[in-house]
Structure formats: C-alpha cells, structure tokens
file input38.cif (mmCIF, C-alpha atoms)
data_upload
loop_
_atom_site.label_atom_id
_atom_site.label_comp_id
_atom_site.auth_asym_id
_atom_site.auth_seq_id
_atom_site.Cartn_x
_atom_site.Cartn_y
_atom_site.Cartn_z
CA MET A 247 0.00 0.00 0.00
CA TYR A 248 3.00 2.34 0.42
CA GLN A 249 4.61 1.48 -2.87
CA GLY A 250 3.35 4.59 -4.78
CA ARG A 251 4.16 6.91 -1.92
CA LEU A 252 7.70 5.58 -1.58
CA TRP A 253 8.25 6.03 -5.31
CA LEU A 254 8.05 9.78 -4.91
CA PHE A 255 11.14 9.79 -2.71
CA ARG A 256 13.32 7.42 -4.71
CA GLY A 257 16.55 8.73 -6.24
CA ASN A 258 19.30 10.95 -4.91
CA LYS A 259 18.99 13.56 -2.17
CA ARG A 260 18.69 16.50 -4.61
CA GLY A 261 15.87 14.80 -6.49
CA ARG A 262 13.95 14.14 -3.30
CA ARG A 263 14.24 17.83 -2.32
CA ILE A 264 12.92 18.98 -5.69
CA THR A 265 9.99 16.55 -5.42
CA LEU A 266 9.18 17.74 -1.90
CA PHE A 267 9.32 21.39 -3.02
CA PHE A 268 6.76 20.83 -5.77
CA ILE A 269 4.46 19.00 -3.36
CA VAL A 270 4.53 21.97 -0.94
CA VAL A 271 3.83 24.45 -3.79
CA LEU A 272 0.89 22.31 -4.94
CA ILE A 273 -0.57 22.21 -1.43
CA LEU A 274 -0.25 25.99 -1.01
CA PHE A 275 -1.86 26.60 -4.41
CA ASN A 276 -4.84 24.40 -3.59
CA THR A 277 -5.25 26.06 -0.20
CA CYS A 278 -5.31 29.56 -1.73
CA LEU A 279 -7.72 28.43 -4.44
CA LEU A 280 -10.13 26.95 -1.92
CA TYR A 281 -9.91 30.07 0.26
CA SER A 282 -10.67 32.41 -2.63
CA GLN A 283 -13.61 30.24 -3.70
CA ASN A 284 -15.12 30.04 -0.23
CA ASN A 285 -14.53 33.63 0.84
CA ASP A 286 -16.09 36.42 -1.20
CA LYS A 287 -15.03 39.14 1.23
CA VAL A 288 -11.75 40.56 2.43
CA LYS A 289 -11.22 42.34 5.71
CA LEU A 290 -9.46 45.71 5.59
CA ASN A 291 -9.31 47.91 8.70
CA ASN A 292 -12.25 45.96 10.17
CA LEU A 293 -14.36 46.69 7.09
CA ASN A 294 -15.91 43.72 5.27
CA ILE A 295 -15.76 44.57 1.58
CA LYS A 296 -16.86 42.38 -1.30
CA ILE A 297 -14.24 41.42 -3.86
CA GLU A 298 -16.33 42.72 -6.77
CA ASP A 299 -16.82 46.07 -5.02
CA LEU A 300 -13.11 46.29 -4.35
CA LYS A 301 -12.36 45.75 -8.03
CA LYS A 302 -14.96 48.37 -8.96
CA ALA A 303 -13.44 50.89 -6.56
CA PHE A 304 -10.03 50.47 -8.14
CA ASN A 305 -11.23 50.80 -11.72
CA PRO A 306 -10.13 54.48 -11.77
CA ALA A 307 -6.60 53.40 -10.92
CA VAL A 308 -6.56 51.39 -14.13
CA ASN A 309 -8.00 54.20 -16.22
CA LYS A 310 -6.32 57.25 -14.70
CA PHE A 311 -3.29 57.20 -17.01
CA ASN A 312 -5.20 56.57 -20.25
CA GLU A 313 -5.35 60.31 -20.97
CA LYS A 314 -2.31 62.51 -21.38
CA THR A 315 -3.82 65.51 -19.63
CA ILE A 316 -6.50 66.65 -17.19
CA SER A 317 -9.77 66.89 -19.09
CA THR A 318 -12.19 67.89 -16.29
CA ILE A 319 -12.04 70.23 -13.30
CA ILE A 320 -14.81 70.29 -10.71
CA ILE A 321 -15.16 73.45 -8.60
CA ASP A 322 -17.10 73.13 -5.35
CA PRO A 323 -18.22 76.39 -3.69
CA GLY A 324 -18.57 75.34 -0.05
CA HIS A 325 -21.76 75.63 1.99
CA GLY A 326 -24.71 77.52 0.39
CA GLY A 327 -28.47 77.74 0.91
CA LYS A 328 -29.42 76.81 4.46
CA ASP A 329 -25.73 76.52 5.38
CA PRO A 330 -24.16 80.00 5.56
CA GLY A 331 -20.74 78.66 6.57
CA ALA A 332 -18.66 80.99 8.70
CA ILE A 333 -19.95 84.50 9.39
CA GLY A 334 -17.34 87.22 9.55
CA VAL A 335 -16.72 90.94 9.59
CA ASN A 336 -19.79 93.06 8.76
CA ARG A 337 -21.98 89.93 8.56
CA LEU A 338 -19.96 88.58 5.65
CA PHE A 339 -21.20 85.08 4.81
CA GLU A 340 -18.72 82.45 3.70
CA LYS A 341 -21.25 80.91 1.29
CA ASP A 342 -21.50 84.19 -0.67
CA ILE A 343 -17.76 84.85 -0.87
CA VAL A 344 -16.85 81.36 -2.03
CA LEU A 345 -19.63 81.31 -4.66
CA ALA A 346 -18.43 84.60 -6.16
CA PHE A 347 -14.84 83.34 -6.15
CA SER A 348 -15.80 79.99 -7.71
CA LEU A 349 -17.84 81.53 -10.53
CA GLU A 350 -14.94 83.85 -11.34
CA LEU A 351 -12.52 80.90 -11.16
CA LYS A 352 -14.68 79.00 -13.64
CA GLU A 353 -14.50 81.90 -16.11
CA GLU A 354 -10.74 82.24 -15.68
CA LEU A 355 -10.11 78.50 -16.17
CA GLU A 356 -12.31 78.41 -19.25
CA GLU A 357 -10.20 81.21 -20.71
CA ILE A 358 -6.75 79.79 -19.97
CA LEU A 359 -7.72 76.09 -20.38
CA PRO A 360 -10.20 76.09 -23.27
CA ASN A 361 -9.96 72.33 -23.79
CA VAL A 362 -10.82 71.46 -20.19
CA LYS A 363 -14.42 70.96 -19.07
CA ILE A 364 -15.27 73.00 -15.95
CA VAL A 365 -18.08 71.68 -13.74
CA MET A 366 -19.67 73.43 -10.72
CA THR A 367 -21.32 71.67 -7.80
CA ARG A 368 -23.55 74.73 -7.36
CA THR A 369 -24.02 77.97 -9.29
CA GLY A 370 -26.48 79.70 -6.94
CA ASP A 371 -27.47 79.94 -3.30
CA THR A 372 -28.32 76.24 -2.96
CA TYR A 373 -27.09 73.54 -0.63
CA PRO A 374 -25.88 70.26 -2.15
CA THR A 375 -25.07 67.71 0.54
CA LEU A 376 -21.45 66.70 0.96
CA GLU A 377 -22.28 63.37 -0.64
CA LYS A 378 -23.96 65.08 -3.59
CA ARG A 379 -20.89 67.25 -4.16
CA PHE A 380 -18.48 64.35 -4.62
CA GLU A 381 -21.12 62.46 -6.62
CA ILE A 382 -21.20 65.39 -9.06
CA ALA A 383 -17.40 65.23 -9.26
CA ASN A 384 -17.24 61.48 -9.82
CA ASN A 385 -20.03 61.58 -12.40
CA ALA A 386 -18.30 64.41 -14.28
CA ALA A 387 -15.14 62.32 -14.39
CA LYS A 388 -17.10 59.19 -15.42
CA ILE A 389 -15.61 57.26 -12.51
CA ASN A 390 -16.22 53.49 -12.49
CA THR A 391 -16.72 53.40 -16.25
CA ASP A 392 -14.40 52.41 -19.07
CA LYS A 393 -14.32 56.09 -20.08
CA ALA A 394 -12.95 57.48 -16.81
CA LYS A 395 -11.41 60.94 -17.14
CA ASN A 396 -8.40 62.50 -15.47
CA ALA A 397 -10.03 65.12 -13.28
CA LEU A 398 -9.32 67.55 -10.44
CA PHE A 399 -11.62 68.56 -7.58
CA VAL A 400 -11.23 71.97 -5.89
CA SER A 401 -13.46 72.80 -2.93
CA VAL A 402 -13.50 76.53 -2.09
CA HIS A 403 -13.97 77.81 1.48
CA ALA A 404 -13.16 80.74 3.75
CA ASN A 405 -11.79 80.29 7.25
CA ALA A 406 -12.80 81.77 10.60
CA SER A 407 -11.22 82.16 14.01
CA PHE A 408 -12.04 83.42 17.48
CA SER A 409 -8.93 85.56 17.10
CA PRO A 410 -9.46 88.55 14.78
CA ASN A 411 -5.70 88.52 14.10
CA ALA A 412 -5.71 85.12 12.39
CA ARG A 413 -5.38 85.49 8.63
CA GLY A 414 -3.89 83.92 5.51
CA PHE A 415 -4.51 81.52 2.63
CA GLU A 416 -4.43 77.75 3.23
CA ALA A 417 -4.82 74.60 1.16
CA TYR A 418 -5.58 71.08 2.34
CA PHE A 419 -5.40 67.61 0.88
CA VAL A 420 -7.17 64.59 2.30
CA SER A 421 -5.51 61.98 4.45
CA ALA A 422 -6.55 59.44 7.05
CA GLN A 423 -4.79 61.43 9.76
CA GLU A 424 -4.59 65.17 10.32
CA SER A 425 -1.18 66.85 10.11
CA SER A 426 -1.91 68.92 13.23
CA GLU A 427 -4.55 69.64 15.86
CA TYR A 428 -5.31 72.84 13.98
CA ALA A 429 -5.94 70.89 10.77
CA ARG A 430 -8.22 68.58 12.75
CA ALA A 431 -10.21 71.58 13.99
CA VAL A 432 -10.60 72.98 10.46
CA SER A 433 -11.81 69.64 9.11
CA MET A 434 -14.22 69.19 12.02
CA PHE A 435 -15.75 72.59 11.26
CA GLU A 436 -16.20 71.79 7.56
CA ASN A 437 -17.49 68.28 8.30
CA GLU A 438 -20.03 69.66 10.78
CA ALA A 439 -22.48 70.04 7.90
CA LEU A 440 -22.95 66.26 8.00
CA VAL A 441 -24.84 66.55 11.27
CA LYS A 442 -26.34 70.04 10.99
CA PHE A 443 -27.58 69.96 7.39
CA ASP A 444 -27.18 66.45 5.93
CA ASN A 445 -28.86 64.75 8.91
CA ILE A 446 -26.23 62.02 9.04
CA ASP A 447 -24.91 60.37 12.18
CA THR A 448 -21.15 60.72 11.69
CA SER A 449 -20.52 57.58 13.76
CA LYS A 450 -22.44 55.63 11.12
CA TYR A 451 -21.22 57.58 8.11
CA GLU A 452 -19.06 54.79 6.70
CA ASN A 453 -21.99 52.39 6.74
CA TYR A 454 -24.32 55.05 5.33
CA SER A 455 -22.28 55.41 2.16
CA SER A 456 -20.55 52.33 0.75
CA GLN A 457 -18.88 54.56 -1.83
CA ILE A 458 -17.16 56.51 0.92
CA THR A 459 -15.84 53.25 2.37
CA HIS A 460 -14.40 52.16 -0.96
CA ASN A 461 -12.97 55.58 -1.74
CA TYR A 462 -11.23 55.63 1.63
CA MET A 463 -8.85 52.99 0.29
CA LEU A 464 -7.92 55.28 -2.60
CA ILE A 465 -6.70 58.12 -0.36
CA GLU A 466 -3.14 56.81 -0.42
CA GLN A 467 -3.18 56.50 -4.21
CA TYR A 468 -4.10 60.15 -4.82
CA GLN A 469 -2.43 61.67 -1.77
CA LYS A 470 0.78 62.66 -3.56
CA GLU A 471 -1.08 64.22 -6.50
CA SER A 472 -3.47 66.06 -4.17
CA ARG A 473 -0.55 67.46 -2.18
CA LEU A 474 1.14 68.67 -5.37
CA LEU A 475 -2.10 70.36 -6.46
CA ALA A 476 -2.47 72.10 -3.08
CA GLU A 477 1.16 73.24 -3.16
CA SER A 478 0.95 74.51 -6.73
CA ILE A 479 -2.10 76.66 -5.98
CA THR A 480 -0.67 77.95 -2.71
CA LYS A 481 2.62 78.93 -4.34
CA GLU A 482 0.85 81.14 -6.89
CA VAL A 483 -1.65 82.69 -4.46
CA HIS A 484 1.16 83.71 -2.13
CA LYS A 485 2.50 85.91 -4.92
CA VAL A 486 -0.60 88.11 -4.67
CA SER A 487 -0.01 91.34 -2.80
CA GLY A 488 -1.85 91.42 0.52
CA VAL A 489 -2.22 87.65 0.91
CA ALA A 490 -0.77 86.64 4.27
CA ARG A 491 1.36 83.52 4.70
CA ARG A 492 0.39 80.92 7.26
CA THR A 493 3.02 79.02 9.24
CA LYS A 494 1.87 75.81 7.55
CA PRO A 495 -0.06 76.90 4.45
CA VAL A 496 -0.45 73.33 3.13
CA GLN A 497 -1.76 70.67 5.49
CA ASN A 498 -3.63 67.38 5.40
CA ALA A 499 -6.88 66.47 7.13
CA LEU A 500 -9.87 64.16 6.79
CA PHE A 501 -12.46 66.19 4.85
CA TYR A 502 -15.48 64.09 3.89
CA VAL A 503 -16.11 66.04 0.69
CA LEU A 504 -12.56 65.28 -0.48
CA LYS A 505 -12.66 61.74 0.79
CA GLY A 506 -15.50 60.91 -1.59
CA ALA A 507 -13.92 62.29 -4.76
CA ILE A 508 -11.88 59.64 -6.60
CA MET A 509 -9.35 62.04 -8.09
CA PRO A 510 -6.63 64.47 -6.96
CA SER A 511 -8.39 67.07 -4.84
CA THR A 512 -7.80 70.01 -2.56
CA LEU A 513 -9.81 72.23 -0.23
CA ILE A 514 -8.66 75.83 -0.23
CA GLU A 515 -9.36 78.40 2.50
CA LEU A 516 -9.19 81.82 0.86
CA GLY A 517 -8.57 83.64 4.11
CA PHE A 518 -10.21 84.43 7.45
CA ILE A 519 -13.46 86.34 7.08
CA THR A 520 -13.16 87.13 10.80
CA ASN A 521 -10.07 89.21 9.99
CA PRO A 522 -10.76 92.74 8.62
CA GLU A 523 -7.87 92.66 6.14
CA ASP A 524 -8.68 89.20 4.76
CA ALA A 525 -12.39 90.03 4.64
CA LYS A 526 -11.68 93.13 2.57
CA LEU A 527 -9.32 91.17 0.30
CA MET A 528 -12.03 88.59 -0.43
CA SER A 529 -15.04 90.89 -0.66
CA THR A 530 -13.44 93.47 -2.95
CA LYS A 531 -13.77 92.20 -6.51
CA GLU A 532 -10.55 93.77 -7.76
CA THR A 533 -8.34 92.06 -5.17
CA ARG A 534 -10.39 88.85 -5.18
CA LEU A 535 -9.84 88.51 -8.94
CA LYS A 536 -6.10 88.56 -8.34
CA MET A 537 -6.51 85.55 -6.07
CA VAL A 538 -8.75 83.93 -8.67
CA LYS A 539 -6.13 84.34 -11.40
CA ALA A 540 -3.40 83.04 -9.09
CA THR A 541 -5.49 79.96 -8.21
CA ALA A 542 -6.13 79.29 -11.90
CA ASP A 543 -2.42 79.70 -12.64
CA GLY A 544 -1.60 77.20 -9.89
CA ILE A 545 -4.00 74.67 -11.41
CA LYS A 546 -2.62 75.27 -14.89
CA LYS A 547 0.97 74.76 -13.73
CA TYR A 548 -0.05 71.55 -11.99
CA ILE A 549 -1.53 70.31 -15.27
CA GLU A 550 1.63 71.27 -17.15
CA VAL A 551 3.75 69.20 -14.76
CA PHE A 552 1.21 66.39 -15.03
CA GLU A 553 1.68 66.37 -18.81
CA GLU A 554 5.47 66.78 -18.73
CA THR A 555 5.96 63.90 -16.31
CA LYS A 556 3.34 61.65 -17.94
CA SER A 557 0.97 61.71 -14.97
CA PHE A 558 3.80 62.06 -12.43
CA THR A 559 5.09 58.61 -13.37
CA LYS A 560 8.60 59.75 -14.31
#
call {"tool": "encode", "arguments": {"input": "input38.cif", "output": "structure tokens"}}
result
Amino acid sequence: MYQGRLWLFRGNKRGRRITLFFIVVLILFNTCLLYSQNNDKVKLNNLNIKIEDLKKAFNPAVNKFNEKTISTIIIDPGHGGKDPGAIGVNRLFEKDIVLAFSLELKEELEEILPNVKIVMTRTGDTYPTLEKRFEIANNAAKINTDKAKNALFVSVHANASFSPNARGFEAYFVSAQESSEYARAVSMFENEALVKFDNIDTSKYENYSSQITHNYMLIEQYQKESRLLAESITKEVHKVSGVARRTKPVQNALFYVLKGAIMPSTLIELGFITNPEDAKLMSTKETRLKMVKATADGIKKYIEVFEETKSFTK
C-alpha cells in the first residue's frame, strides 16, 4: 500500500528535495484556491468589503493614465443655501464669498484652459449635501466606467477664528490622519455640515455610504497628487499682494467632501473672514480677482507638470 508513496522519494537527495518542493507548492496553491472560492469578502481595517466592489473601486486606478492631460475640473463652492458657513466681519457670509470666487474661477479657467471641461457643484445659493458634491465630481469624471477621465476637484472655502488677528490663505489635501490639531479643527468645522444639514450620524457615516468606504482605500493612491495640487495653488496665491502667509499653508486632514472624490483634490481656505484685512481682500472684486487668477495659474501649472511627467510617473 505504500509502494506509490515511496516512489516519490526514490533517487538521490537532490531529487527528493525537488519533489518535496513541488508538493509543498501544490498544497499551497490548492489552499489559496479553496480560500478564494469560499470567501467572497476581504477584511481591511475591520471593514468587510466584497471582492467585486473592491475591483470596482479600483477601476479608476486602471484608467487614470489613459489620458495625457487633465480633461475635467470640478469646482465646489462650499456651503450655500441653508448653510451660511462661517460668518465674519460686517456679517460677511462664507457661502456668498466662495460662490463669487468659484464663478470667477470657472470663467478664468475656461479662458486659460479652453480644452478642459469646468463643472460646478452649485451655481447659486443652494445647498448640495457633501455626498452630492463628490457624486457630481465622480459623475463628471465618469468614474467606475471604461471612459474614466483624469479630473481635479477643488473645494472653495473661507476660514474663521475666534482671534481677529488670524489670517492667511491655506490649502488642504485629504488623508486618514490630520497633520496637526489645527488641521483637525478645520476639518471638524467643515465636516459639521454632516450633522447640521445632511442629517447624518457621523458615527455611522461609513456604513451610510458604501462609496465613501471604498474611496477611503484610494486616499493613499491620490495623496501625492493632491498634495502637489495644493502646493501649486498655494505657491501662486502667495505671490498676490496682501495675501498673508500661514506658518503651515499646506496641510492634510480628513475632509469628507474630499474623501468621496476619486481624483486628486484640494480644499482651499481663501482667508479668514473674521479678519478685517482678509475680509476686505475677499469681498473686494478687484483684489479677489487677483486671487482667482493666481489659483487658476496654480491649477494650470499643476496640469503642465502632469503632462510633462506623464501623470507624475517619471
């Protein structure tokens, strides 16, 4: 009864080792095959995610380098409608300032980037939910289709502080962990709309939106590109006379609206509307347009580097 089994180990020592090696490989292969057949979910960070959904979430990673340039830019004026955002000097509403800036930015980008499609998440005093905003962005970029576009997402905001002396332009990119306690505070303020206006329990937010859960895994993939976008814009805006420099003008934090957009993205804070100088800079059209042009130049230069380096792959 042991004749066949003993046959496997006949021959010299080297031959027996080779035979044993192939047996071990065969066992491991069969084990992996059975596991993949009997388990249709993987566990990542305590999140049970279906294999097919995981593949769908990473479709953009396959398609992102098909185009040689950025073909779509989505501009998101923060807040709006029932959500006034921060309220500053002389009852200046954040929602009004960022809408004016965003509409002007759209015009400027259309002029300097005529071949790029510019999409707005709102064009009037309306309130799209945070989920609706990144849905607009992903739909504009045809995410999860075989025609996915290289796109950028820019969310426009204005900051506020209890200190009237706080001022300056800032840009953020999304990450799983904030770069500072200050960045955490800024993201908490912007994410507050989830509870106040979107009627979502933040403790259940991941379960509420499966897309958010899937997109969370893509943060690392787009983090470098998002940081470069934030830095490019900040560098140009700082050239504008009157714009104050922050100690850390580019930081990372967990913004839900950025977390949902499957593309390089940034959230810019034009200044502090609680500071008289910043408020005047933003509310005066002449000076605001200088910031608009600088922001557009920062985006354009980012795209130029994107093209020169073949999607930053060099």
call {"tool": "atom_distance", "arguments": {"input": "input38.cif", "atom1": "atom CA of A:Arg413", "atom2": "atom CA of A:Lys352"}}
result
25.0 Å
call {"tool": "residues_around", "arguments": {"input": "input38.cif", "residues": "stretch 346-348 of chain A", "least_positions_apart": "4", "cutoff": "12 Å", "atoms": "only C-alpha atoms", "output": "VMD selection string"}}
result
chain A and resid 319 to 324 326 339 to 342 352 to 355 364 to 371 400 to 404 514 to 516 527 to 542
call {"tool": "resolve_selection", "arguments": {"input": "input38.cif", "expression": "the PyMOL selection byres ((chain A and resi 491) around 12)", "output": "list of chain:residue names"}}
result
A:Ala412, A:Arg413, A:Gly414, A:Phe415, A:Glu416, A:Ala417, A:Thr480, A:Lys481, A:Glu482, A:Val483, A:His484, A:Lys485, A:Val486, A:Ser487, A:Gly488, A:Val489, A:Ala490, A:Arg492, A:Thr493, A:Lys494, A:Pro495, A:Val496, A:Leu516, A:Gly517, A:Phe518, A:Asp524
call {"tool": "write_last_selection", "arguments": {"input": "input38.cif", "atoms": "C-alpha atoms", "output": "PDB file, in the coordinates of the input"}}
result
ATOM      1  CA  ALA A 412      -5.710  85.120  12.390  1.00  0.00           C
ATOM      2  CA  ARG A 413      -5.380  85.490   8.630  1.00  0.00           C
ATOM      3  CA  GLY A 414      -3.890  83.920   5.510  1.00  0.00           C
ATOM      4  CA  PHE A 415      -4.510  81.520   2.630  1.00  0.00           C
ATOM      5  CA  GLU A 416      -4.430  77.750   3.230  1.00  0.00           C
ATOM      6  CA  ALA A 417      -4.820  74.600   1.160  1.00  0.00           C
ATOM      7  CA  THR A 480      -0.670  77.950  -2.710  1.00  0.00           C
ATOM      8  CA  LYS A 481       2.620  78.930  -4.340  1.00  0.00           C
ATOM      9  CA  GLU A 482       0.850  81.140  -6.890  1.00  0.00           C
ATOM     10  CA  VAL A 483      -1.650  82.690  -4.460  1.00  0.00           C
ATOM     11  CA  HIS A 484       1.160  83.710  -2.130  1.00  0.00           C
ATOM     12  CA  LYS A 485       2.500  85.910  -4.920  1.00  0.00           C
ATOM     13  CA  VAL A 486      -0.600  88.110  -4.670  1.00  0.00           C
ATOM     14  CA  SER A 487      -0.010  91.340  -2.800  1.00  0.00           C
ATOM     15  CA  GLY A 488      -1.850  91.420   0.520  1.00  0.00           C
ATOM     16  CA  VAL A 489      -2.220  87.650   0.910  1.00  0.00           C
ATOM     17  CA  ALA A 490      -0.770  86.640   4.270  1.00  0.00           C
ATOM     18  CA  ARG A 492       0.390  80.920   7.260  1.00  0.00           C
ATOM     19  CA  THR A 493       3.020  79.020   9.240  1.00  0.00           C
ATOM     20  CA  LYS A 494       1.870  75.810   7.550  1.00  0.00           C
ATOM     21  CA  PRO A 495      -0.060  76.900   4.450  1.00  0.00           C
ATOM     22  CA  VAL A 496      -0.450  73.330   3.130  1.00  0.00           C
ATOM     23  CA  LEU A 516      -9.190  81.820   0.860  1.00  0.00           C
ATOM     24  CA  GLY A 517      -8.570  83.640   4.110  1.00  0.00           C
ATOM     25  CA  PHE A 518     -10.210  84.430   7.450  1.00  0.00           C
ATOM     26  CA  ASP A 524      -8.680  89.200   4.760  1.00  0.00           C
TER      27      ASP A 524
END
call {"tool": "closest_residue", "arguments": {"input": "input38.cif", "among": "A:Glu523, A:Glu313, A:Asp543, A:Glu377", "to": "A:Ile479", "atoms": "all atoms listed in the file"}}
result
A:Asp543
call {"tool": "atom_distance", "arguments": {"input": "input38.cif", "atom1": "atom CA of A:Leu338", "atom2": "atom CA of A:Ser409"}}
result
16.2 Å
call {"tool": "residues_around", "arguments": {"input": "input38.cif", "residues": "A:Gln469", "least_positions_apart": "6", "cutoff": "12 Å", "atoms": "all atoms listed in the file", "output": "list in words"}}
result
Tyr418, Phe419, Val420, Ser421, Ala422, Gln423, Tyr462, Met463, Leu475, Ala476, Gln497, Asn498, Ala499, Leu500, Leu504, Lys505, Ala507, Ile508, Met509, Pro510, Ser511 and Thr512 of chain A
call {"tool": "closest_residue", "arguments": {"input": "input38.cif", "among": "A:Gln467, A:Ala387, A:Glu357, A:Gly327", "to": "A:Pro374", "atoms": "all atoms listed in the file"}}
result
A:Gly327
call {"tool": "atom_distance", "arguments": {"input": "input38.cif", "atom1": "atom CA of A:Phe558", "atom2": "atom CA of A:Val362"}}
result
19.0 Å
call {"tool": "closest_residue", "arguments": {"input": "input38.cif", "among": "A:Ile549, A:Ala394, A:Ala332, A:Leu376", "to": "A:Ser478", "atoms": "only C-alpha atoms"}}
result
A:Ile549
call {"tool": "closest_residue", "arguments": {"input": "input38.cif", "among": "A:Lys388, A:Leu513, A:Ile382, A:Thr372", "to": "A:Phe501", "atoms": "only C-alpha atoms"}}
result
A:Leu513
call {"tool": "decode", "arguments": {"input": "input38.cif", "residues": "stretch 532-541 of chain A", "atoms": "all heavy atoms", "output": "tab-separated table (two decimals), in the first residue's frame"}}
result
chain	number	residue	atom	x	y	z
A	532	GLU	N	-11.84	93.53	-7.12
A	532	GLU	CA	-10.55	93.77	-7.76
A	532	GLU	C	-9.46	92.89	-7.16
A	532	GLU	O	-8.66	92.27	-7.88
A	532	GLU	CB	-10.17	95.25	-7.64
A	532	GLU	CG	-8.85	95.59	-8.31
A	532	GLU	CD	-8.49	97.06	-8.16
A	532	GLU	OE1	-9.31	97.83	-7.59
A	532	GLU	OE2	-7.38	97.44	-8.59
A	533	THR	N	-9.39	92.86	-5.84
A	533	THR	CA	-8.34	92.06	-5.17
A	533	THR	C	-8.69	90.57	-5.21
A	533	THR	O	-7.80	89.72	-5.30
A	533	THR	CB	-8.16	92.51	-3.72
A	533	THR	OG1	-9.43	92.52	-3.04
A	533	THR	CG2	-7.57	93.91	-3.67
A	534	ARG	N	-9.97	90.26	-5.12
A	534	ARG	CA	-10.39	88.85	-5.18
A	534	ARG	C	-10.02	88.23	-6.52
A	534	ARG	O	-9.58	87.08	-6.59
A	534	ARG	CB	-11.89	88.72	-4.93
A	534	ARG	CG	-12.35	87.26	-4.83
A	534	ARG	CD	-13.81	87.15	-4.51
A	534	ARG	NE	-14.66	87.66	-5.56
A	534	ARG	CZ	-15.51	88.67	-5.43
A	534	ARG	NH1	-15.62	89.29	-4.26
A	534	ARG	NH2	-16.25	89.07	-6.43
A	535	LEU	N	-10.18	89.02	-7.60
A	535	LEU	CA	-9.84	88.51	-8.94
A	535	LEU	C	-8.36	88.18	-9.07
A	535	LEU	O	-7.98	87.28	-9.83
A	535	LEU	CB	-10.25	89.52	-10.01
A	535	LEU	CG	-11.73	89.54	-10.37
A	535	LEU	CD1	-12.04	90.67	-11.35
A	535	LEU	CD2	-12.17	88.20	-10.96
A	536	LYS	N	-7.52	88.87	-8.33
A	536	LYS	CA	-6.10	88.56	-8.34
A	536	LYS	C	-5.86	87.17	-7.74
A	536	LYS	O	-5.02	86.40	-8.22
A	536	LYS	CB	-5.31	89.62	-7.57
A	536	LYS	CG	-5.31	91.00	-8.23
A	536	LYS	CD	-4.53	92.01	-7.41
A	536	LYS	CE	-4.55	93.38	-8.07
A	536	LYS	NZ	-3.82	94.40	-7.26
A	537	MET	N	-6.60	86.87	-6.68
A	537	MET	CA	-6.51	85.55	-6.07
A	537	MET	C	-7.07	84.49	-7.00
A	537	MET	O	-6.56	83.37	-7.08
A	537	MET	CB	-7.24	85.53	-4.73
A	537	MET	CG	-6.62	86.40	-3.66
A	537	MET	SD	-7.55	86.34	-2.11
A	537	MET	CE	-7.27	84.63	-1.63
A	538	VAL	N	-8.14	84.84	-7.71
A	538	VAL	CA	-8.75	83.93	-8.67
A	538	VAL	C	-7.74	83.56	-9.76
A	538	VAL	O	-7.55	82.38	-10.08
A	538	VAL	CB	-10.01	84.56	-9.30
A	538	VAL	CG1	-10.46	83.77	-10.53
A	538	VAL	CG2	-11.14	84.62	-8.28
A	539	LYS	N	-7.10	84.58	-10.32
A	539	LYS	CA	-6.13	84.34	-11.40
A	539	LYS	C	-4.95	83.51	-10.89
A	539	LYS	O	-4.43	82.63	-11.60
A	539	LYS	CB	-5.64	85.67	-11.97
A	539	LYS	CG	-6.70	86.44	-12.76
A	539	LYS	CD	-6.14	87.74	-13.31
A	539	LYS	CE	-7.20	88.50	-14.12
A	539	LYS	NZ	-7.60	87.75	-15.33
A	540	ALA	N	-4.52	83.78	-9.67
A	540	ALA	CA	-3.40	83.04	-9.09
A	540	ALA	C	-3.79	81.57	-8.88
A	540	ALA	O	-2.99	80.66	-9.14
A	540	ALA	CB	-2.97	83.67	-7.77
A	541	THR	N	-5.00	81.34	-8.41
A	541	THR	CA	-5.49	79.96	-8.21
A	541	THR	C	-5.54	79.22	-9.54
A	541	THR	O	-5.11	78.07	-9.65
A	541	THR	CB	-6.88	79.97	-7.56
A	541	THR	OG1	-6.83	80.66	-6.31
A	541	THR	CG2	-7.40	78.56	-7.34
